[in-house]
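Text of data-v5.csv (CSV, C-alpha atoms) as supplied:
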```csv
chain,number,residue,atom,x,y,z
J,1,MET,CA,63.1,-50.0,-105.8
J,2,SER,CA,66.6,-50.4,-106.9
J,3,ALA,CA,68.2,-47.6,-108.8
J,4,PRO,CA,70.0,-47.8,-112.2
J,5,PRO,CA,73.7,-48.8,-112.0
J,6,ALA,CA,75.8,-46.0,-110.6
J,7,SER,CA,78.5,-46.3,-113.4
J,8,GLY,CA,77.8,-44.9,-116.8
J,9,PRO,CA,75.0,-42.6,-118.0
J,10,PRO,CA,71.4,-43.2,-116.8
J,11,LEU,CA,69.5,-45.9,-118.6
J,12,ARG,CA,67.3,-44.7,-121.4
J,13,LEU,CA,64.9,-46.4,-123.6
J,14,PRO,CA,66.3,-46.5,-127.2
J,15,GLY,CA,63.0,-45.6,-128.9
J,16,PRO,CA,61.2,-47.3,-131.8
J,17,PRO,CA,62.7,-49.4,-134.6
J,18,SER,CA,64.0,-47.3,-137.5
J,19,LEU,CA,61.4,-46.1,-140.0
J,20,ALA,CA,62.8,-48.3,-142.7
J,21,ARG,CA,62.4,-51.4,-140.5
J,22,THR,CA,58.9,-50.4,-139.5
J,23,ALA,CA,57.9,-49.8,-143.2
J,24,ASP,CA,59.4,-53.3,-144.0
J,25,ALA,CA,57.7,-55.0,-141.1
J,26,ARG,CA,56.8,-58.6,-141.9
J,27,PRO,CA,53.0,-59.1,-142.3
J,28,GLY,CA,52.7,-62.2,-140.1
J,29,GLY,CA,53.7,-65.7,-139.3
J,30,ALA,CA,55.8,-67.2,-136.4
J,31,ILE,CA,58.8,-65.4,-135.1
J,32,PRO,CA,61.9,-67.1,-136.6
J,33,GLY,CA,63.7,-69.1,-133.9
J,34,LEU,CA,60.9,-68.9,-131.3
J,35,ARG,CA,60.1,-72.1,-129.4
J,36,TYR,CA,56.4,-73.0,-129.6
J,37,ARG,CA,54.1,-75.9,-130.2
J,38,PRO,CA,51.4,-76.0,-132.9
J,39,ALA,CA,47.9,-75.2,-131.7
J,40,VAL,CA,44.8,-77.2,-132.3
J,41,PRO,CA,43.0,-75.5,-135.3
J,42,ALA,CA,40.0,-73.4,-134.3
J,43,ASP,CA,36.7,-74.5,-135.7
J,44,PRO,CA,35.3,-71.6,-137.8
J,45,GLY,CA,31.7,-72.3,-136.8
J,46,THR,CA,32.5,-72.3,-133.1
J,47,VAL,CA,34.6,-69.1,-133.5
J,48,ALA,CA,31.7,-67.3,-135.3
J,49,ASP,CA,29.2,-68.5,-132.6
J,50,ILE,CA,31.4,-67.3,-129.7
J,51,ASP,CA,32.0,-63.9,-131.4
J,52,ARG,CA,28.2,-63.5,-131.9
J,53,ARG,CA,27.6,-64.3,-128.2
J,54,LEU,CA,30.4,-62.0,-127.0
J,55,GLU,CA,29.4,-59.0,-129.1
J,56,ALA,CA,25.7,-59.4,-128.1
J,57,TRP,CA,26.7,-59.5,-124.4
J,58,ALA,CA,29.0,-56.5,-124.7
J,59,ARG,CA,26.5,-54.4,-126.5
J,60,ARG,CA,23.7,-55.4,-124.1
J,61,LEU,CA,25.9,-54.1,-121.2
J,62,ASP,CA,27.1,-51.1,-123.2
J,63,VAL,CA,30.7,-51.8,-122.4
J,64,PHE,CA,32.4,-50.9,-125.6
J,65,PRO,CA,34.6,-47.7,-125.5
J,66,THR,CA,33.8,-45.3,-128.3
J,67,ALA,CA,37.4,-45.8,-129.5
J,68,TRP,CA,36.7,-49.5,-130.1
J,69,THR,CA,34.2,-48.9,-132.8
J,70,GLY,CA,34.9,-51.4,-135.6
J,71,ASP,CA,37.8,-53.0,-133.7
J,72,PHE,CA,35.9,-55.9,-132.1
J,73,ALA,CA,36.2,-58.1,-135.2
J,74,GLY,CA,39.9,-57.2,-135.6
J,75,PHE,CA,40.7,-58.4,-132.1
J,76,GLN,CA,39.2,-61.8,-132.8
J,77,PHE,CA,38.1,-62.6,-129.2
J,78,GLY,CA,36.2,-65.7,-130.3
J,79,ARG,CA,39.1,-67.1,-132.2
J,80,ALA,CA,41.4,-66.4,-129.3
J,81,VAL,CA,39.4,-68.4,-126.7
J,82,VAL,CA,38.7,-71.3,-129.1
J,83,LEU,CA,42.4,-71.6,-129.9
J,84,GLN,CA,43.4,-71.3,-126.2
J,85,HIS,CA,40.8,-73.8,-124.9
J,86,PRO,CA,40.7,-76.7,-127.3
J,87,GLY,CA,39.5,-79.0,-124.5
J,88,ALA,CA,36.6,-76.8,-123.5
J,89,ALA,CA,33.6,-78.8,-122.1
J,90,ASP,CA,31.0,-76.7,-124.1
J,91,ARG,CA,30.4,-73.4,-125.8
J,92,GLU,CA,29.0,-71.8,-122.6
J,93,ARG,CA,32.4,-72.2,-120.9
J,94,LEU,CA,34.1,-70.8,-124.0
J,95,THR,CA,31.8,-67.8,-123.9
J,96,ALA,CA,32.5,-67.3,-120.2
J,97,ALA,CA,36.3,-67.3,-120.9
J,98,GLY,CA,35.6,-64.9,-123.8
J,99,LYS,CA,33.7,-62.5,-121.5
J,100,LEU,CA,36.6,-62.5,-119.0
J,101,LEU,CA,39.1,-61.9,-121.8
J,102,LEU,CA,37.0,-59.0,-123.2
J,103,ALA,CA,36.5,-57.5,-119.7
J,104,GLU,CA,40.2,-57.6,-118.9
J,105,ASN,CA,41.0,-55.9,-122.2
J,106,ILE,CA,38.4,-53.2,-121.6
J,107,VAL,CA,39.8,-52.4,-118.1
J,108,ASP,CA,43.3,-52.3,-119.5
J,109,ASN,CA,42.4,-50.1,-122.4
J,110,CYS,CA,40.1,-47.7,-120.5
J,111,TYR,CA,41.9,-47.4,-117.2
J,112,CYS,CA,45.6,-48.1,-117.9
J,113,GLU,CA,46.5,-47.0,-121.5
J,114,GLU,CA,47.7,-43.4,-121.8
J,115,ASP,CA,44.8,-42.2,-123.9
J,116,GLU,CA,42.6,-39.2,-123.1
J,117,ASP,CA,39.8,-40.4,-125.3
J,118,ARG,CA,39.5,-43.6,-123.2
J,119,GLY,CA,40.2,-41.9,-119.9
J,120,GLY,CA,43.3,-43.9,-119.2
J,121,SER,CA,46.4,-42.6,-117.5
J,122,SER,CA,49.1,-43.6,-115.0
J,123,ARG,CA,47.9,-40.7,-112.8
J,124,GLY,CA,45.1,-41.9,-110.4
J,125,LEU,CA,45.3,-45.4,-111.7
J,126,GLY,CA,45.2,-46.9,-108.2
J,127,GLY,CA,41.8,-45.4,-107.5
J,128,ARG,CA,40.4,-46.8,-110.8
J,129,LEU,CA,41.8,-50.2,-110.2
J,130,ILE,CA,40.6,-50.5,-106.6
J,131,ARG,CA,37.0,-49.8,-107.9
J,132,ALA,CA,37.6,-52.4,-110.6
J,133,GLN,CA,38.8,-55.0,-108.0
J,134,SER,CA,35.6,-54.3,-106.0
J,135,ALA,CA,33.5,-55.2,-109.0
J,136,LEU,CA,35.1,-58.7,-108.6
J,137,ASP,CA,35.5,-58.8,-104.8
J,138,PRO,CA,32.3,-57.4,-103.3
J,139,PHE,CA,32.1,-54.7,-100.7
J,140,HIS,CA,30.5,-55.6,-97.4
J,141,GLY,CA,29.2,-52.8,-95.1
J,142,THR,CA,25.9,-51.3,-94.1
J,143,PRO,CA,22.9,-51.8,-96.4
J,144,GLU,CA,22.9,-48.2,-97.4
J,145,LEU,CA,26.6,-48.1,-98.3
J,146,GLU,CA,26.4,-51.5,-100.1
J,147,ASP,CA,23.6,-50.1,-102.2
J,148,ARG,CA,25.8,-47.1,-103.2
J,149,TRP,CA,28.6,-49.5,-104.0
J,150,ARG,CA,26.2,-51.6,-106.2
J,151,ARG,CA,25.2,-48.5,-108.1
J,152,GLY,CA,28.9,-47.5,-108.4
J,153,VAL,CA,30.1,-50.7,-110.0
J,154,GLN,CA,27.4,-50.3,-112.7
J,155,ALA,CA,28.7,-46.7,-113.4
J,156,ASP,CA,30.8,-47.4,-116.5
J,157,GLY,CA,31.7,-50.1,-119.0
J,158,PRO,CA,34.9,-51.5,-117.5
J,159,LEU,CA,33.2,-52.0,-114.1
J,160,ARG,CA,30.1,-53.5,-115.6
J,161,SER,CA,32.2,-55.9,-117.8
J,162,TYR,CA,34.2,-57.1,-114.8
J,163,HIS,CA,31.2,-57.5,-112.6
J,164,TRP,CA,29.0,-59.5,-115.0
J,165,ALA,CA,31.9,-61.5,-116.6
J,166,LEU,CA,32.8,-62.8,-113.1
J,167,LYS,CA,29.2,-63.5,-112.2
J,168,ASP,CA,28.7,-65.6,-115.4
J,169,TYR,CA,32.0,-67.4,-114.8
J,170,ALA,CA,31.0,-68.2,-111.2
J,171,VAL,CA,27.9,-70.1,-112.4
J,172,LEU,CA,30.2,-72.6,-114.2
J,173,ALA,CA,33.1,-72.7,-111.8
J,174,THR,CA,33.5,-73.8,-108.2
J,175,ALA,CA,33.8,-71.3,-105.4
J,176,SER,CA,37.5,-72.1,-105.1
J,177,GLN,CA,38.1,-71.6,-108.8
J,178,THR,CA,36.3,-68.3,-108.7
J,179,ASP,CA,38.3,-67.1,-105.7
J,180,ARG,CA,41.5,-68.2,-107.5
J,181,LEU,CA,40.6,-66.0,-110.4
J,182,VAL,CA,39.7,-63.0,-108.2
J,183,HIS,CA,43.1,-63.2,-106.6
J,184,ASP,CA,44.9,-63.5,-109.9
J,185,LEU,CA,43.2,-60.4,-111.2
J,186,ALA,CA,44.4,-58.6,-108.1
J,187,ARG,CA,47.9,-59.7,-109.1
J,188,LEU,CA,47.3,-58.3,-112.6
J,189,HIS,CA,46.2,-55.0,-111.1
J,190,LEU,CA,49.4,-54.9,-109.0
J,191,GLY,CA,51.4,-55.3,-112.2
J,192,TYR,CA,49.5,-52.5,-113.9
J,193,LEU,CA,50.3,-50.2,-111.0
J,194,ALA,CA,54.0,-51.0,-111.1
J,195,GLU,CA,54.2,-50.4,-114.8
J,196,ALA,CA,52.3,-47.1,-114.4
J,197,ALA,CA,54.6,-46.0,-111.5
J,198,TRP,CA,57.7,-46.6,-113.6
J,199,ALA,CA,56.2,-44.7,-116.5
J,200,GLU,CA,55.3,-41.7,-114.3
J,201,THR,CA,58.8,-41.6,-112.7
J,202,ARG,CA,60.5,-42.5,-116.0
J,203,TYR,CA,62.3,-45.3,-114.3
J,204,VAL,CA,63.9,-47.9,-116.6
J,205,PRO,CA,63.9,-51.2,-114.8
J,206,GLN,CA,66.6,-53.8,-115.0
J,207,VAL,CA,65.7,-56.8,-117.0
J,208,TRP,CA,65.0,-59.0,-114.0
J,209,GLU,CA,62.8,-56.2,-112.6
J,210,TYR,CA,60.9,-55.9,-115.8
J,211,LEU,CA,60.2,-59.6,-116.0
J,212,MET,CA,59.3,-59.6,-112.3
J,213,MET,CA,56.7,-57.0,-113.0
J,214,ARG,CA,55.4,-58.9,-116.0
J,215,GLN,CA,54.9,-62.0,-113.9
J,216,PHE,CA,52.1,-60.0,-112.3
J,217,ASN,CA,51.0,-58.0,-115.4
J,218,ASN,CA,50.5,-60.9,-117.6
J,219,PHE,CA,48.0,-63.6,-118.8
J,220,ARG,CA,47.9,-65.5,-115.6
J,221,PRO,CA,44.1,-64.8,-115.0
J,222,CYS,CA,43.4,-66.5,-118.4
J,223,LEU,CA,45.6,-69.5,-117.3
J,224,SER,CA,43.8,-69.7,-114.0
J,225,ILE,CA,40.6,-70.8,-115.6
J,226,VAL,CA,41.8,-73.7,-117.9
J,227,ASP,CA,40.4,-76.4,-115.6
J,228,ALA,CA,37.0,-74.7,-115.2
J,229,VAL,CA,36.7,-74.2,-118.9
J,230,ASP,CA,37.6,-77.8,-119.5
J,231,GLY,CA,34.9,-78.9,-117.1
J,232,TYR,CA,36.8,-80.1,-114.0
J,233,GLU,CA,38.7,-78.7,-111.0
J,234,LEU,CA,42.3,-79.1,-110.0
J,235,PRO,CA,41.7,-79.2,-106.3
J,236,GLU,CA,43.0,-76.3,-104.2
J,237,THR,CA,45.3,-78.7,-102.3
J,238,LEU,CA,47.1,-79.5,-105.5
J,239,TYR,CA,46.8,-76.1,-107.1
J,240,VAL,CA,48.6,-74.3,-104.2
J,241,ARG,CA,51.6,-76.6,-104.3
J,242,PRO,CA,54.8,-74.6,-105.2
J,243,GLU,CA,55.6,-76.8,-108.2
J,244,ILE,CA,52.2,-76.3,-109.6
J,245,GLN,CA,52.4,-72.6,-109.0
J,246,ARG,CA,55.8,-72.6,-110.7
J,247,ILE,CA,54.6,-74.2,-114.0
J,248,THR,CA,51.6,-71.9,-114.0
J,249,ALA,CA,53.9,-68.9,-113.6
J,250,LEU,CA,56.3,-70.2,-116.3
J,251,ALA,CA,53.4,-70.6,-118.7
J,252,GLY,CA,52.2,-67.1,-118.0
J,253,ASN,CA,55.7,-65.6,-118.3
J,254,ALA,CA,56.3,-67.3,-121.6
J,255,THR,CA,53.0,-66.1,-123.1
J,256,THR,CA,53.7,-62.6,-121.9
J,257,ILE,CA,57.0,-62.4,-123.6
J,258,VAL,CA,55.3,-63.7,-126.7
J,259,ASN,CA,53.0,-60.7,-126.4
J,260,ASP,CA,55.9,-58.3,-126.0
J,261,LEU,CA,57.6,-59.7,-129.1
J,262,TYR,CA,54.5,-59.8,-131.4
J,263,SER,CA,53.2,-56.3,-130.3
J,264,PHE,CA,56.7,-54.8,-130.4
J,265,THR,CA,56.4,-52.9,-133.7
J,266,LYS,CA,52.8,-51.8,-133.1
J,267,GLU,CA,53.4,-50.5,-129.6
J,268,LEU,CA,56.6,-48.5,-130.4
J,269,ALA,CA,55.0,-47.0,-133.5
J,270,ASN,CA,52.3,-45.6,-131.2
J,271,ASP,CA,54.6,-44.7,-128.3
J,272,PRO,CA,58.4,-44.7,-128.7
J,273,THR,CA,58.9,-44.9,-125.0
J,274,HIS,CA,56.6,-47.9,-124.5
J,275,LEU,CA,58.3,-50.4,-122.1
J,276,ASN,CA,58.7,-54.0,-123.3
J,277,LEU,CA,61.3,-56.7,-122.9
J,278,PRO,CA,63.5,-55.7,-125.9
J,279,GLN,CA,63.4,-52.1,-124.8
J,280,ALA,CA,64.5,-53.1,-121.3
J,281,ILE,CA,67.3,-55.3,-122.6
J,282,ALA,CA,68.5,-52.6,-125.0
J,283,ALA,CA,68.6,-49.9,-122.3
J,284,ASN,CA,70.4,-52.2,-119.8
J,285,GLU,CA,72.9,-53.7,-122.2
J,286,ARG,CA,73.3,-50.6,-124.3
J,287,CYS,CA,72.7,-52.4,-127.5
J,288,GLY,CA,70.5,-52.0,-130.6
J,289,LEU,CA,66.9,-53.0,-130.6
J,290,LYS,CA,67.6,-55.8,-133.1
J,291,ALA,CA,70.1,-57.5,-130.8
J,292,ALA,CA,67.8,-56.9,-127.8
J,293,TYR,CA,64.8,-58.4,-129.6
J,294,LEU,CA,66.8,-61.5,-130.5
J,295,LYS,CA,68.0,-61.8,-126.9
J,296,ALA,CA,64.3,-61.6,-125.8
J,297,VAL,CA,63.5,-64.5,-128.0
J,298,GLU,CA,66.3,-66.5,-126.3
J,299,ILE,CA,64.9,-65.6,-122.8
J,300,HIS,CA,61.5,-66.7,-124.0
J,301,ASN,CA,62.8,-70.0,-125.3
J,302,ARG,CA,64.6,-70.8,-122.0
J,303,ILE,CA,61.5,-70.1,-120.0
J,304,MET,CA,59.4,-72.2,-122.4
J,305,GLU,CA,61.9,-75.1,-122.2
J,306,ALA,CA,61.7,-75.0,-118.4
J,307,PHE,CA,57.9,-75.0,-118.5
J,308,GLU,CA,57.8,-78.0,-120.9
J,309,GLU,CA,60.4,-80.0,-118.9
J,310,GLU,CA,58.9,-79.3,-115.5
J,311,SER,CA,55.4,-79.9,-116.7
J,312,ALA,CA,56.3,-83.3,-118.1
J,313,ALA,CA,57.9,-84.3,-114.8
J,314,LEU,CA,54.9,-83.3,-112.8
J,315,SER,CA,52.5,-84.8,-115.2
J,316,ALA,CA,54.0,-88.2,-114.6
J,317,THR,CA,53.0,-88.0,-110.9
J,318,SER,CA,49.2,-87.6,-111.4
J,319,PRO,CA,46.6,-87.9,-114.1
J,320,LEU,CA,44.9,-84.8,-112.8
J,321,ILE,CA,48.1,-82.8,-112.8
J,322,GLU,CA,48.8,-84.1,-116.3
J,323,ARG,CA,45.4,-82.8,-117.4
J,324,TYR,CA,46.0,-79.4,-115.9
J,325,ALA,CA,49.5,-79.2,-117.4
J,326,ARG,CA,48.0,-80.2,-120.8
J,327,GLY,CA,45.5,-77.3,-120.4
J,328,LEU,CA,48.2,-74.8,-119.7
J,329,ALA,CA,50.3,-76.0,-122.7
J,330,ALA,CA,47.2,-75.8,-124.9
J,331,TRP,CA,46.6,-72.2,-123.8
J,332,VAL,CA,50.2,-71.3,-124.5
J,333,SER,CA,50.0,-72.8,-128.0
J,334,GLY,CA,46.7,-71.2,-128.8
J,335,ASN,CA,47.8,-67.8,-127.6
J,336,HIS,CA,50.9,-68.0,-129.7
J,337,GLU,CA,48.8,-69.0,-132.8
J,338,TRP,CA,46.5,-66.1,-132.2
J,339,HIS,CA,49.4,-63.6,-132.0
J,340,ALA,CA,51.2,-65.1,-135.0
J,341,THR,CA,48.2,-65.0,-137.3
J,342,ASN,CA,46.4,-61.8,-136.2
J,343,THR,CA,47.8,-59.5,-138.8
J,344,HIS,CA,45.1,-56.9,-138.0
J,345,ARG,CA,47.0,-56.1,-134.8
J,346,TYR,CA,50.6,-57.4,-135.2
J,347,HIS,CA,53.5,-57.1,-137.7
J,348,LEU,CA,57.0,-58.3,-137.0
J,349,PRO,CA,60.1,-56.1,-137.3
J,350,ASN,CA,62.3,-56.9,-140.3
J,351,TYR,CA,65.1,-58.4,-138.1
J,352,TRP,CA,65.9,-61.6,-140.1
```
Mind converting the file's structure to structure tokens?
Amino acid sequence: MSAPPASGPPLRLPGPPSLARTADARPGGAIPGLRYRPAVPADPGTVADIDRRLEAWARRLDVFPTAWTGDFAGFQFGRAVVLQHPGAADRERLTAAGKLLLAENIVDNCYCEEDEDRGGSSRGLGGRLIRAQSALDPFHGTPELEDRWRRGVQADGPLRSYHWALKDYAVLATASQTDRLVHDLARLHLGYLAEAAWAETRYVPQVWEYLMMRQFNNFRPCLSIVDAVDGYELPETLYVRPEIQRITALAGNATTIVNDLYSFTKELANDPTHLNLPQAIAANERCGLKAAYLKAVEIHNRIMEAFEEESAALSATSPLIERYARGLAAWVSGNHEWHATNTHRYHLPNYW
């Protein structure tokens, strides 16, 4: 891990936006100047059906943290997956995507967030996450030990949600698509661990380091499933090609910066030291949060432009790659629409 620059005082996070700006936060809508494509509108009937299915599944497994009481509707899981997967083959596949999204959020909330009521903390996170990974990637040993492991992964809500969400997805996906997702969730856990380590040591990363971490701690597991949800498979021989991996990573990185930008006010109101891209820019460039936020918008736009240009070039080489790239772009658009319109969760700072 590289250290902060030797010259000048140590890097410090600048803290939350001023109270005046927080009070005047904009109620919703797209971030001015942000590069995005309109999403396919979500059908209300489909959204309601997926929400009903997801809530019934989650309550049957008893996976809701107590702190989530009343928050399920506010998160809008059904609307999120319908917006993100407009080409879904059927509602069963949308439901499978929703179960994974719900499970990933439960693990993040209960294991990673600094909240005593949920049990999350940076301390001991590795132990919790390796158990979570084993709920996806089964343990193989003696029959007696395997039985103990099976009982262990049913021990709490986050583990149950991961275990059963993956099982339900695997029924609809190929073995290769399922294995792809398991590995991308391991990448996600590695990103969680890096962020927790920086929080524990109070290390403020350089901007490139922060974005490197966020390439792991991001929405890639959701993007990994776009072909399975749409009812086909991008063969592994194509998926592993460096240029396909690059457009997948660019899509994930763009959507993750979108999350940083839309959740900025909410996160810093809850925790003034919360690390996000504007905070990292402000600390490294020793500028105000408004200037840092607008610079983060520019970084997003450049990444988004690269994704669109490189996806278009690759799409011209193969109808199957074109279909996959279209699925990635649809997920990026739907995810932006969900963030921009979810006023239950997000409000923009008054920077314009």
List as CSV every residue of region 39-98 of chain J that is in contact with region 137-158 of chain J, defined as an atom at most 12 Å from one of its atoms (using only C-alpha atoms), together with the nearest atom pair and the distance in Å rounded to one decimal, sorted by chain and then rising number.
```
residue,atom,partner,partner_atom,distance
J:Trp57,CA,J:Gly157,CA,11.9
J:Ala58,CA,J:Gly157,CA,9.0
J:Arg59,CA,J:Gly157,CA,10.1
J:Arg60,CA,J:Gly157,CA,10.9
J:Leu61,CA,J:Gly157,CA,7.4
J:Asp62,CA,J:Gly157,CA,6.3
J:Val63,CA,J:Gly157,CA,3.9
J:Phe64,CA,J:Gly157,CA,6.7
J:Pro65,CA,J:Gly157,CA,7.5
J:Thr66,CA,J:Gly157,CA,10.7
```
Fill in the blank from the handout: Atom pair CA of Arg187 (chain J) + CA of Phe216 (chain J), distance 5.3 Å
Practice task
May I ask which of the residues J:Glu322, J:Leu348, J:Pro41, J:Tyr232 is the closest one to Asp260 (chain J), counting all atoms listed in the file?
Solution key: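 Closest to Asp260 (chain J), using all atoms listed in the file: J:Leu348.
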Exercise for the section: Measure the distance from CA of Ser121 (chain J) to CA of Asn259 (chain J) in Å and round it to one decimal. Expected result: 21.2 Å
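Using only C-alpha atoms, the smallest distance between any of J:Phe307, J:Tyr293, J:Phe72, J:Phe264 and Pro278 (chain J) comes from J:Tyr293.
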Problem - Option closest in space to Tyr192 (chain J), from J:Leu129, J:Ile31, J:Ala80, J:Ala340 [counting all atoms listed in the file] - result: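 Result for the nearest residue to Tyr192 (chain J): J:Leu129.
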